[in-house]
file my_file_3.pdb (PDB, C-alpha atoms)
ATOM      1  CA  MET O  73      11.013   1.469 -11.774
ATOM      2  CA  ALA O  74      14.575   0.367 -11.177
ATOM      3  CA  ARG O  75      16.235  -2.748  -9.893
ATOM      4  CA  LEU O  76      18.310  -1.872  -6.843
ATOM      5  CA  ASN O  77      21.531  -3.505  -5.677
ATOM      6  CA  ILE O  78      21.013  -5.863  -2.716
ATOM      7  CA  LEU O  79      23.796  -5.657  -0.129
ATOM      8  CA  GLU O  80      25.230  -9.035   0.825
ATOM      9  CA  TYR O  81      26.599 -10.313   4.127
ATOM     10  CA  PRO O  82      29.058  -9.350   5.598
ATOM     11  CA  ASN O  83      28.727  -5.835   4.119
ATOM     12  CA  PRO O  84      28.977  -3.433   7.111
ATOM     13  CA  ARG O  85      26.204  -1.206   5.673
ATOM     14  CA  LEU O  86      23.751  -3.994   6.593
ATOM     15  CA  ARG O  87      24.487  -3.096  10.242
ATOM     16  CA  ILE O  88      23.245   0.503   9.970
ATOM     17  CA  LYS O  89      20.079   1.113  11.967
ATOM     18  CA  ALA O  90      17.284   2.583   9.821
ATOM     19  CA  VAL O  91      15.586   5.849  10.747
ATOM     20  CA  PRO O  92      11.816   6.377  10.765
ATOM     21  CA  VAL O  93      10.146   7.765   7.654
ATOM     22  CA  LYS O  94       8.916  11.301   8.412
ATOM     23  CA  ASP O  95       6.772  11.863   5.314
ATOM     24  CA  VAL O  96       5.278   9.231   3.030
ATOM     25  CA  ASP O  97       5.791  11.102  -0.232
ATOM     26  CA  ASP O  98       6.460  10.307  -3.895
ATOM     27  CA  LYS O  99      10.128   9.608  -3.150
ATOM     28  CA  ILE O 100       9.148   6.901  -0.632
ATOM     29  CA  ARG O 101       6.533   5.461  -3.015
ATOM     30  CA  ARG O 102       9.178   5.303  -5.782
ATOM     31  CA  LEU O 103      11.501   3.482  -3.343
ATOM     32  CA  ILE O 104       8.669   1.041  -2.558
ATOM     33  CA  ASP O 105       8.067   0.357  -6.272
ATOM     34  CA  ASP O 106      11.802  -0.172  -6.857
ATOM     35  CA  MET O 107      11.994  -2.482  -3.843
ATOM     36  CA  PHE O 108       9.097  -4.593  -5.149
ATOM     37  CA  GLU O 109      10.817  -4.889  -8.536
ATOM     38  CA  THR O 110      14.126  -5.791  -6.883
ATOM     39  CA  MET O 111      12.508  -8.362  -4.601
ATOM     40  CA  ALA O 112      10.588 -10.012  -7.456
ATOM     41  CA  ASP O 113      13.689 -10.108  -9.652
ATOM     42  CA  ALA O 114      15.570 -11.875  -6.836
ATOM     43  CA  ASN O 115      12.671 -14.305  -6.155
ATOM     44  CA  GLY O 116      12.256 -13.034  -2.613
ATOM     45  CA  ILE O 117       9.212 -12.720  -0.376
ATOM     46  CA  GLY O 118      10.373  -9.780   1.734
ATOM     47  CA  LEU O 119      12.833  -6.909   1.475
ATOM     48  CA  ALA O 120      13.838  -4.163   3.908
ATOM     49  CA  ALA O 121      15.122  -0.833   2.616
ATOM     50  CA  SER O 122      18.330  -1.409   4.599
ATOM     51  CA  GLN O 123      19.143  -4.298   2.256
ATOM     52  CA  VAL O 124      19.244  -1.887  -0.697
ATOM     53  CA  ASP O 125      21.366   0.634   1.210
ATOM     54  CA  VAL O 126      18.485   2.988   2.033
ATOM     55  CA  HIS O 127      18.388   3.309   5.799
ATOM     56  CA  GLN O 128      14.746   4.212   6.302
ATOM     57  CA  ARG O 129      12.145   2.035   8.003
ATOM     58  CA  VAL O 130      10.419   0.596   4.907
ATOM     59  CA  ILE O 131       9.578  -3.066   4.225
ATOM     60  CA  VAL O 132       7.892  -4.682   1.227
ATOM     61  CA  MET O 133       6.533  -8.203   1.215
ATOM     62  CA  ASP O 134       4.661 -10.550  -1.091
ATOM     63  CA  LEU O 135       3.882 -13.947   0.401
ATOM     64  CA  ALA O 136       2.637 -16.488  -2.120
ATOM     65  CA  GLU O 137       0.766 -18.436   0.566
ATOM     66  CA  ASP O 138      -1.365 -15.463   1.470
ATOM     67  CA  SER O 139      -4.046 -13.895  -0.668
ATOM     68  CA  ALA O 140      -3.396 -10.346   0.578
ATOM     69  CA  GLY O 141      -0.962  -9.670  -2.272
ATOM     70  CA  PRO O 142       1.906  -7.201  -2.060
ATOM     71  CA  ARG O 143       2.234  -5.468   1.309
ATOM     72  CA  VAL O 144       4.024  -2.342   2.488
ATOM     73  CA  PHE O 145       5.066  -1.640   6.070
ATOM     74  CA  ILE O 146       6.455   1.825   6.851
ATOM     75  CA  ASN O 147       7.813   2.416  10.376
ATOM     76  CA  PRO O 148       6.663  -1.071  11.444
ATOM     77  CA  GLU O 149       6.427  -2.153  15.058
ATOM     78  CA  ILE O 150       5.408  -5.525  16.417
ATOM     79  CA  GLU O 151       3.864  -6.745  19.630
ATOM     80  CA  VAL O 152       4.303 -10.420  20.478
ATOM     81  CA  ILE O 153       0.957 -12.075  21.292
ATOM     82  CA  GLU O 154       2.231 -15.562  22.114
ATOM     83  CA  PRO O 155       5.860 -15.639  23.315
ATOM     84  CA  GLU O 156       6.251 -19.357  22.549
ATOM     85  CA  MET O 157       9.133 -19.753  20.096
ATOM     86  CA  THR O 158       8.816 -21.956  17.013
ATOM     87  CA  PRO O 159      11.641 -22.793  14.591
ATOM     88  CA  TYR O 160      11.130 -21.620  11.019
ATOM     89  CA  GLU O 161      13.499 -22.202   8.110
ATOM     90  CA  GLU O 162      14.714 -18.736   7.112
ATOM     91  CA  GLY O 163      16.657 -17.529   4.112
ATOM     92  CA  CYS O 164      17.673 -14.040   3.108
ATOM     93  CA  LEU O 165      18.386 -12.142  -0.108
ATOM     94  CA  SER O 166      21.416 -10.642   1.668
ATOM     95  CA  VAL O 167      22.715 -14.124   2.542
ATOM     96  CA  PRO O 168      21.951 -15.892  -0.756
ATOM     97  CA  GLY O 169      21.703 -19.658  -0.858
ATOM     98  CA  PHE O 170      21.643 -20.301   2.889
ATOM     99  CA  TYR O 171      18.672 -21.473   4.953
ATOM    100  CA  GLU O 172      18.681 -22.150   8.687
ATOM    101  CA  PRO O 173      15.992 -22.795  11.308
ATOM    102  CA  ILE O 174      15.492 -19.720  13.516
ATOM    103  CA  ASP O 175      13.268 -19.644  16.609
ATOM    104  CA  ARG O 176      10.749 -16.788  16.619
ATOM    105  CA  PRO O 177       7.260 -16.109  17.971
ATOM    106  CA  THR O 178       4.679 -16.972  15.299
ATOM    107  CA  HIS O 179       1.807 -14.799  16.539
ATOM    108  CA  VAL O 180       2.264 -11.007  16.599
ATOM    109  CA  ILE O 181       0.433  -7.760  15.997
ATOM    110  CA  ILE O 182       1.960  -5.448  13.391
ATOM    111  CA  ARG O 183       1.459  -1.685  13.515
ATOM    112  CA  ALA O 184       2.698   0.358  10.550
ATOM    113  CA  LEU O 185       1.852   2.865   7.844
ATOM    114  CA  ASP O 186       0.816   1.788   4.328
ATOM    115  CA  ARG O 187       2.174   3.235   1.053
ATOM    116  CA  ASP O 188      -0.191   6.205   1.403
ATOM    117  CA  GLY O 189       0.860   6.964   4.982
ATOM    118  CA  ASN O 190      -2.290   5.537   6.572
ATOM    119  CA  ALA O 191      -1.805   3.793   9.918
ATOM    120  CA  PHE O 192      -2.978   0.193  10.212
ATOM    121  CA  GLU O 193      -2.804  -2.733  12.590
ATOM    122  CA  GLU O 194      -2.805  -6.385  11.601
ATOM    123  CA  GLU O 195      -2.661  -9.636  13.527
ATOM    124  CA  ALA O 196      -0.115 -11.973  11.963
ATOM    125  CA  HIS O 197       0.426 -15.721  12.273
ATOM    126  CA  GLY O 198       2.926 -18.149  10.758
ATOM    127  CA  LEU O 199       4.989 -17.005   7.775
ATOM    128  CA  LEU O 200       3.806 -13.379   7.890
ATOM    129  CA  ALA O 201       4.718 -13.116  11.597
ATOM    130  CA  VAL O 202       8.150 -14.665  10.995
ATOM    131  CA  CYS O 203       8.828 -12.624   7.859
ATOM    132  CA  ILE O 204       7.960  -9.277   9.461
ATOM    133  CA  GLN O 205      10.295 -10.044  12.379
ATOM    134  CA  HIS O 206      13.080 -11.002   9.952
ATOM    135  CA  GLU O 207      12.647  -7.761   7.990
ATOM    136  CA  ILE O 208      12.383  -5.579  11.118
ATOM    137  CA  ASP O 209      15.671  -7.140  12.228
ATOM    138  CA  HIS O 210      17.203  -5.731   9.019
ATOM    139  CA  LEU O 211      15.944  -2.267   9.961
ATOM    140  CA  GLU O 212      17.710  -2.723  13.306
ATOM    141  CA  GLY O 213      20.978  -3.754  11.620
ATOM    142  CA  LYS O 214      20.551  -7.416  12.493
ATOM    143  CA  LEU O 215      20.685 -10.471  10.200
ATOM    144  CA  PHE O 216      19.304 -13.976  10.629
ATOM    145  CA  VAL O 217      22.889 -15.295  10.799
ATOM    146  CA  ASP O 218      23.236 -13.411  14.103
ATOM    147  CA  TYR O 219      20.963 -16.068  15.643
ATOM    148  CA  LEU O 220      23.386 -18.829  14.591
ATOM    149  CA  SER O 221      26.446 -20.111  16.388
ATOM    150  CA  PRO O 222      29.724 -18.277  15.663
ATOM    151  CA  LEU O 223      30.982 -21.400  13.859
ATOM    152  CA  LYS O 224      27.969 -21.572  11.503
ATOM    153  CA  ARG O 225      28.181 -17.828  10.886
ATOM    154  CA  GLN O 226      31.878 -18.108   9.983
ATOM    155  CA  ARG O 227      31.193 -21.047   7.626
ATOM    156  CA  ILE O 228      28.547 -19.009   5.797
ATOM    157  CA  ARG O 229      30.859 -15.992   5.570
ATOM    158  CA  THR O 230      33.667 -18.179   4.166
ATOM    159  CA  LYS O 231      31.406 -19.872   1.589
ATOM    160  CA  LEU O 232      29.999 -16.531   0.413
ATOM    161  CA  LYS O 233      33.555 -15.146   0.028
ATOM    162  CA  LYS O 234      34.526 -18.171  -2.088
ATOM    163  CA  GLN O 235      31.419 -17.777  -4.263
ATOM    164  CA  ARG O 236      32.278 -14.129  -4.944
ATOM    165  CA  ALA O 237      35.941 -14.832  -5.738
TER     166      ALA O 237
END

call {"tool": "encode", "arguments": {"input": "my_file_3.pdb", "output": "structure tokens"}}
result
Amino acid sequence: MARLNILEYPNPRLRIKAVPVKDVDDKIRRLIDDMFETMADANGIGLAASQVDVHQRVIVMDLAEDSAGPRVFINPEIEVIEPEMTPYEEGCLSVPGFYEPIDRPTHVIIRALDRDGNAFEEEAHGLLAVCIQHEIDHLEGKLFVDYLSPLKRQRIRTKLKKQRA
């Protein structure tokens, strides 16, 4: 396994829309293993392949509050069950050190393939529902900062630039 480089905002490669995975093969499973290692090393709970500059529709997740353990979502899609929006404090490995409340539906159905290419469907509430939406946004080339005001977004961009200087 290898630790991959996580792209950081405002890197333009984070805006590339991911393509569907055609075949779940050993190359994809190796990517999944590397993504889990990268995510754990960065103390994250979710990671989209787009964040490691691989523009395929792959997400890994490991939520401490849930006993399901590590999860893989290949070509994920969601269906909103309850459209009521609830604010949830979100952070992102591509926007390190920043957390902001983002309104999202907290009850969805997830349809995806697992690491072996088997289709599954899962009803998600709370953190899992929010996290899958956040990671799918990455696959679409969208970041949580896009939900913020232009002023807040610019402040974050400026602070990240200063930290890297």

call {"tool": "atom_distance", "arguments": {"input": "my_file_3.pdb", "atom1": "atom CA of Phe145 of chain O", "atom2": "atom CA of Arg187 of chain O"}}
result
7.6 Å

call {"tool": "resolve_selection", "arguments": {"input": "my_file_3.pdb", "expression": "the PyMOL selection byres ((chain O and resi 209-223) around 6)", "output": "ChimeraX atom specification"}}
result
/O:86-90,122,206-208,224-226

call {"tool": "resolve_selection", "arguments": {"input": "my_file_3.pdb", "expression": "the PyMOL selection byres ((chain O and resi 164) around 9)", "output": "ChimeraX atom specification"}}
result
/O:116,118-119,162-163,165-171,206,215-216

call {"tool": "resolve_selection", "arguments": {"input": "my_file_3.pdb", "expression": "the PyMOL selection byres ((chain O and resi 183) around 9)", "output": "MDAnalysis selection string"}}
result
chainID O and resid 145 147:151 181:182 184:185 191:195

call {"tool": "residues_around", "arguments": {"input": "my_file_3.pdb", "residues": "Asp134 of chain O", "least_positions_apart": "2", "cutoff": "6 Å", "atoms": "only C-alpha atoms", "output": "PyMOL selection string"}}
result
chain O and resi 117+141-142

call {"tool": "residues_around", "arguments": {"input": "my_file_3.pdb", "residues": "segment 109-115 of chain O", "least_positions_apart": "4", "cutoff": "9 Å", "atoms": "all atoms listed in the file", "output": "list in words"}}
result
Met73, Ala74, Arg75, Leu76, Asn77, Ile78, Ile104, Asp105, Leu119, Val124, Val132, Met133, Asp134 and Leu165 of chain O

call {"tool": "atom_distance", "arguments": {"input": "my_file_3.pdb", "atom1": "atom CA of Leu232 of chain O", "atom2": "atom CA of Asp175 of chain O"}}
result
23.5 Å

call {"tool": "axis_aligned_box", "arguments": {"input": "my_file_3.pdb", "around": "segment 91-108 of chain O", "padding_each_side": "3 Å", "output": "lines of an AutoDock Vina configuration file"}}
result
center_x = 10.4
center_y = 3.6
center_z = 2.0
size_x = 16.3
size_y = 22.5
size_z = 23.6

call {"tool": "residues_around", "arguments": {"input": "my_file_3.pdb", "residues": "Glu161 of chain O", "least_positions_apart": "4", "cutoff": "7 Å", "atoms": "only C-alpha atoms", "output": "PyMOL selection string"}}
result
chain O and resi 171-174

call {"tool": "closest_residue", "arguments": {"input": "my_file_3.pdb", "among": "O:Ile153, O:Leu79, O:Leu135, O:Leu103", "to": "Ile204 of chain O", "atoms": "only C-alpha atoms"}}
result
O:Leu135

call {"tool": "atom_distance", "arguments": {"input": "my_file_3.pdb", "atom1": "atom CA of Phe108 of chain O", "atom2": "atom CA of Gln205 of chain O"}}
result
18.4 Å

call {"tool": "residues_around", "arguments": {"input": "my_file_3.pdb", "residues": "segment 93-96 of chain O", "least_positions_apart": "2", "cutoff": "8 Å", "atoms": "only C-alpha atoms", "output": "list in words"}}
result
Val91, Asp98, Lys99, Ile100, Arg101, Gln128, Arg129, Val130, Ile146, Asn147, Arg187, Asp188 and Gly189 of chain O

call {"tool": "closest_residue", "arguments": {"input": "my_file_3.pdb", "among": "O:Ala140, O:Gln235, O:Pro159, O:Ile228", "to": "Val202 of chain O", "atoms": "only C-alpha atoms"}}
result
O:Pro159

call {"tool": "residues_around", "arguments": {"input": "my_file_3.pdb", "residues": "Pro82 of chain O", "least_positions_apart": "2", "cutoff": "7 Å", "atoms": "only C-alpha atoms", "output": "number ranges by chain"}}
result
O: 80, 84, 229

call {"tool": "residues_near_point", "arguments": {"input": "my_file_3.pdb", "point": "(10.1, -15.6, 18.1)", "cutoff": "8 Å", "atoms": "only C-alpha atoms", "output": "list in words"}}
result
Pro155, Glu156, Met157, Thr158, Asp175, Arg176, Pro177, Thr178, Val202 and Gln205 of chain O

call {"tool": "write_last_selection", "arguments": {"input": "my_file_3.pdb", "atoms": "C-alpha atoms", "output": "CSV table (one decimal), keeping the file's coordinate frame"}}
result
chain,number,residue,atom,x,y,z
O,155,PRO,CA,5.9,-15.6,23.3
O,156,GLU,CA,6.3,-19.4,22.5
O,157,MET,CA,9.1,-19.8,20.1
O,158,THR,CA,8.8,-22.0,17.0
O,175,ASP,CA,13.3,-19.6,16.6
O,176,ARG,CA,10.7,-16.8,16.6
O,177,PRO,CA,7.3,-16.1,18.0
O,178,THR,CA,4.7,-17.0,15.3
O,202,VAL,CA,8.2,-14.7,11.0
O,205,GLN,CA,10.3,-10.0,12.4
